[in-house]
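Peer 1: Sharing a structure below in structure tokens format, with a few things to ask.
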Amino acid sequence: MLEWSDRFSVGIPEIDNQHQELFRQVNRLLEACSQGTGKALLPEIFDFLGKYAVEHFATEERYMERYGYPGLAEHRKVHQDFVQTFLQFRQQAEAQGPGVHLVVQVNRVLVDWLKNHILKMDQEMGKFLQQALRG
């Protein structure tokens, strides 16, 4: 499970709010999978997460474009790779249903990716954007 704390804050309220919602929805997905009762709920959560991740990444990329963030191309590529990984999990869930194997994979990949991405790339982006917004 993902637990939000201030260490994940990038200092841009719109982005932080979106990150918090991503945490909530990934936790819903993990909970549904781990209970084995989420077969009916999985499509809804995957639909929401897929759309929301794309929307969130677009928000970050708009900020980076607007303020000339030098790491935009690399950041965008990482976002695209995440979307592909997410789509693979969705296909796997639809084909095989929720199960322990899927929970382990989702937890290892999606949760670790979100934590690491926010704590590294998004933190760097946030520092840059905060300076740009002040200056």
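Residues are named by chain letter and number: chains run A, B, ... in the order of the structure tokens, numbers start at 1 in each chain, and ligands are numbered from 1 in the order shown.
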Extract, using only C-alpha atoms, all DNA, RNA and protein residues at most 10 Å from Lys127 (chain A), discarding same-chain residues fewer than 5 positions from it, and format them as a compact mmCIF listing (two decimals) with N, CA and C atoms, in the first residue's frame.

Peer 2:
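After the write, result-v3.txt holds the following:
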# COMPACT_ATOMS: atom_id res chain seq x y z
N VAL A 10 5.94 17.82 -4.12
CA VAL A 10 6.86 18.50 -5.04
C VAL A 10 6.70 20.01 -4.93
N GLY A 11 5.77 20.47 -4.08
CA GLY A 11 5.62 21.90 -3.85
C GLY A 11 4.74 22.61 -4.87
N ILE A 12 4.10 21.86 -5.75
CA ILE A 12 3.16 22.43 -6.72
C ILE A 12 1.80 21.81 -6.37
N ASP A 122 10.29 13.67 -10.04
CA ASP A 122 9.31 14.71 -9.76
C ASP A 122 9.83 15.72 -8.73
N ALA A 132 11.20 28.66 -10.79
CA ALA A 132 10.66 29.37 -11.95
C ALA A 132 9.42 30.18 -11.57
N LEU A 133 8.59 29.63 -10.73
CA LEU A 133 7.37 30.33 -10.32
C LEU A 133 7.68 31.54 -9.43

Peer 1: Compile the contact shell of Phe128 (chain A) as a list in words: residues with an atom at most 9 Å away, counting only C-alpha atoms, same-chain residues fewer than 5 positions apart removed.

Peer 2: Met64, Tyr67, Tyr69, Gln123 and Leu133 of chain A

Peer 1: Those selected residues, please, written with all heavy atoms and delivered as a tab-separated table (two decimals), in the first residue's frame.

Peer 2:
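Listed below is the output, result_30.tsv:
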chain	number	residue	atom	x	y	z
A	64	MET	N	6.26	21.64	-17.26
A	64	MET	CA	7.65	21.57	-17.72
A	64	MET	C	7.86	22.34	-19.02
A	64	MET	O	8.86	23.03	-19.18
A	64	MET	CB	8.09	20.11	-17.87
A	64	MET	CG	8.24	19.38	-16.54
A	64	MET	SD	8.91	17.71	-16.70
A	64	MET	CE	7.44	16.77	-17.04
A	67	TYR	N	7.64	26.27	-18.41
A	67	TYR	CA	8.76	26.89	-17.71
A	67	TYR	C	10.12	26.44	-18.22
A	67	TYR	O	11.14	26.76	-17.62
A	67	TYR	CB	8.62	26.67	-16.20
A	67	TYR	CG	7.40	27.39	-15.67
A	67	TYR	CD1	6.22	26.70	-15.42
A	67	TYR	CD2	7.41	28.76	-15.46
A	67	TYR	CE1	5.08	27.35	-14.97
A	67	TYR	CE2	6.28	29.43	-15.01
A	67	TYR	CZ	5.12	28.73	-14.76
A	67	TYR	OH	4.01	29.39	-14.33
A	69	TYR	N	11.62	23.39	-18.58
A	69	TYR	CA	12.36	22.41	-17.79
A	69	TYR	C	13.31	21.61	-18.69
A	69	TYR	O	12.88	21.00	-19.67
A	69	TYR	CB	11.39	21.48	-17.07
A	69	TYR	CG	12.06	20.46	-16.19
A	69	TYR	CD1	12.84	20.86	-15.11
A	69	TYR	CD2	11.91	19.10	-16.43
A	69	TYR	CE1	13.45	19.93	-14.28
A	69	TYR	CE2	12.52	18.16	-15.61
A	69	TYR	CZ	13.29	18.58	-14.54
A	69	TYR	OH	13.90	17.65	-13.73
A	123	GLN	N	10.64	15.26	-7.79
A	123	GLN	CA	11.24	16.20	-6.83
A	123	GLN	C	12.15	17.19	-7.55
A	123	GLN	O	12.13	18.38	-7.26
A	123	GLN	CB	12.03	15.43	-5.75
A	123	GLN	CG	11.16	14.65	-4.81
A	123	GLN	CD	10.32	15.53	-3.91
A	123	GLN	OE1	10.71	16.62	-3.52
A	123	GLN	NE2	9.13	15.05	-3.58
A	133	LEU	N	8.59	29.63	-10.73
A	133	LEU	CA	7.37	30.33	-10.32
A	133	LEU	C	7.68	31.54	-9.43
A	133	LEU	O	6.95	32.52	-9.44
A	133	LEU	CB	6.42	29.37	-9.60
A	133	LEU	CG	5.74	28.34	-10.51
A	133	LEU	CD1	5.11	27.22	-9.69
A	133	LEU	CD2	4.70	29.02	-11.39

Peer 1: Would you list, as a VMD selection string, the residues of chain A that end up in helix (DSSP H, G or I) under DSSP run on this structure's backbone?

Peer 2: chain A and resid 6 to 8 13 to 35 41 to 66 72 to 96 100 to 134

Peer 1: Using only C-alpha atoms, pick whichever of A:Thr85, A:Gln130, A:Gln91, A:Asn116 has the shortest atom-to-atom distance to Leu42 (chain A).

Peer 2: A:Gln91

Peer 1: Using only C-alpha atoms, which protein or nucleic acid residues come within 10 Å of region 28-37 of chain A? Drop anything in the same chain fewer than 2 positions from it, and give the result as a ChimeraX atom specification.

Peer 2: /A:1-2,22-26,39-46,49,93,97-104,106-107,111

Peer 1: Grab the residues selected above and save them as a PDB file, in the first residue's frame with C-alpha atoms.

Peer 2:
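Saved result, result20.pdb, follows:
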ATOM      1  CA  MET A   1       0.000   0.000   0.000  1.00  0.00           C
ATOM      2  CA  LEU A   2       1.067   3.541  -0.689  1.00  0.00           C
ATOM      3  CA  LEU A  22      -2.990   8.343  -7.766  1.00  0.00           C
ATOM      4  CA  PHE A  23      -1.958   6.900  -4.402  1.00  0.00           C
ATOM      5  CA  ARG A  24      -5.623   6.440  -3.404  1.00  0.00           C
ATOM      6  CA  GLN A  25      -6.505   4.708  -6.656  1.00  0.00           C
ATOM      7  CA  VAL A  26      -3.470   2.419  -6.706  1.00  0.00           C
ATOM      8  CA  LYS A  39     -12.781  -8.955 -10.425  1.00  0.00           C
ATOM      9  CA  ALA A  40     -15.800  -6.718 -11.013  1.00  0.00           C
ATOM     10  CA  LEU A  41     -14.030  -3.660  -9.646  1.00  0.00           C
ATOM     11  CA  LEU A  42     -10.784  -4.113 -11.567  1.00  0.00           C
ATOM     12  CA  PRO A  43     -12.027  -2.758 -14.921  1.00  0.00           C
ATOM     13  CA  GLU A  44     -13.356   0.383 -13.222  1.00  0.00           C
ATOM     14  CA  ILE A  45     -10.132   0.984 -11.301  1.00  0.00           C
ATOM     15  CA  PHE A  46      -7.947   0.259 -14.310  1.00  0.00           C
ATOM     16  CA  LEU A  49      -6.075   4.847 -13.298  1.00  0.00           C
ATOM     17  CA  ALA A  93      -5.753  -8.629 -15.147  1.00  0.00           C
ATOM     18  CA  GLY A  97      -8.325 -12.020 -13.278  1.00  0.00           C
ATOM     19  CA  PRO A  98      -7.118 -10.768  -9.900  1.00  0.00           C
ATOM     20  CA  GLY A  99      -4.751 -13.023  -8.078  1.00  0.00           C
ATOM     21  CA  VAL A 100      -1.735 -13.147  -5.837  1.00  0.00           C
ATOM     22  CA  HIS A 101       0.674 -13.047  -8.771  1.00  0.00           C
ATOM     23  CA  LEU A 102      -0.903  -9.851 -10.108  1.00  0.00           C
ATOM     24  CA  VAL A 103      -0.907  -8.222  -6.668  1.00  0.00           C
ATOM     25  CA  VAL A 104       2.790  -8.968  -6.261  1.00  0.00           C
ATOM     26  CA  VAL A 106       1.454  -4.477  -9.305  1.00  0.00           C
ATOM     27  CA  ASN A 107       2.908  -3.827  -5.878  1.00  0.00           C
ATOM     28  CA  VAL A 111       4.059   1.116  -6.311  1.00  0.00           C
TER      29      VAL A 111
END

Peer 1: Fewer than 5 positions away in the same chain doesn't count, so skip those; otherwise give me all residues within 10 Å of Glu74 (chain A), counting only C-alpha atoms, as a PyMOL selection string.

Peer 2: chain A and resi 79-80+121

Peer 1: Write the residues of the preceding selection, restricted to N, CA, C and O atoms, as a short mmCIF file (atom, residue, chain, number, x, y, z; two decimals), in the first residue's frame.

Peer 2:
data_model
loop_
_atom_site.label_atom_id
_atom_site.label_comp_id
_atom_site.auth_asym_id
_atom_site.auth_seq_id
_atom_site.Cartn_x
_atom_site.Cartn_y
_atom_site.Cartn_z
N HIS A 79 7.32 8.73 -18.47
CA HIS A 79 5.86 8.68 -18.38
C HIS A 79 5.30 7.70 -19.42
O HIS A 79 4.41 6.89 -19.10
N GLN A 80 5.79 7.77 -20.63
CA GLN A 80 5.31 6.89 -21.69
C GLN A 80 5.58 5.42 -21.34
O GLN A 80 4.73 4.55 -21.57
N MET A 121 12.60 11.96 -9.88
CA MET A 121 12.36 12.84 -11.03
C MET A 121 11.39 13.99 -10.71
O MET A 121 11.63 15.12 -11.09
#

Peer 1: To one decimal place in Å, what is the distance between CA of Leu110 (chain A) and CA of Phe86 (chain A)?

Peer 2: 7.6 Å

Peer 1: Given the choices A:Leu87, A:Ala53, A:Ala58, A:Leu72, which gets closest to Leu129 (chain A) if the distance is worked out from only C-alpha atoms?

Peer 2: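 Smallest distance to Leu129 (chain A) is found for A:Leu72.
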
Peer 1: Would you compute the distance between CA of Ser5 (chain A) and CA of Thr59 (chain A)? Give it in Å to one decimal.

Peer 2: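 One can read the CA of Ser5 (chain A) to CA of Thr59 (chain A) distance as 21.0 Å.
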
Peer 1: To one decimal in Å, tell me the separation between CA of Ala95 (chain A) and CA of His19 (chain A).

Peer 2: 28.3 Å

Peer 1: Please identify all polymer residues within 10 Å of Ser9 (chain A), counting only C-alpha atoms, omitting same-chain residues fewer than 6 positions from it, and present them as an NGL selection string.

Peer 2: :A and (15-17 or 19-20 or 118-119 or 122-123 or 126)

Peer 1: From the options A:His56, A:Arg108, A:Arg7, A:Arg90, which residue's atoms come nearest to Arg76 (chain A), counting only C-alpha atoms?

Peer 2: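 Ranked by minimum distance to Arg76 (chain A), first place goes to A:His56.
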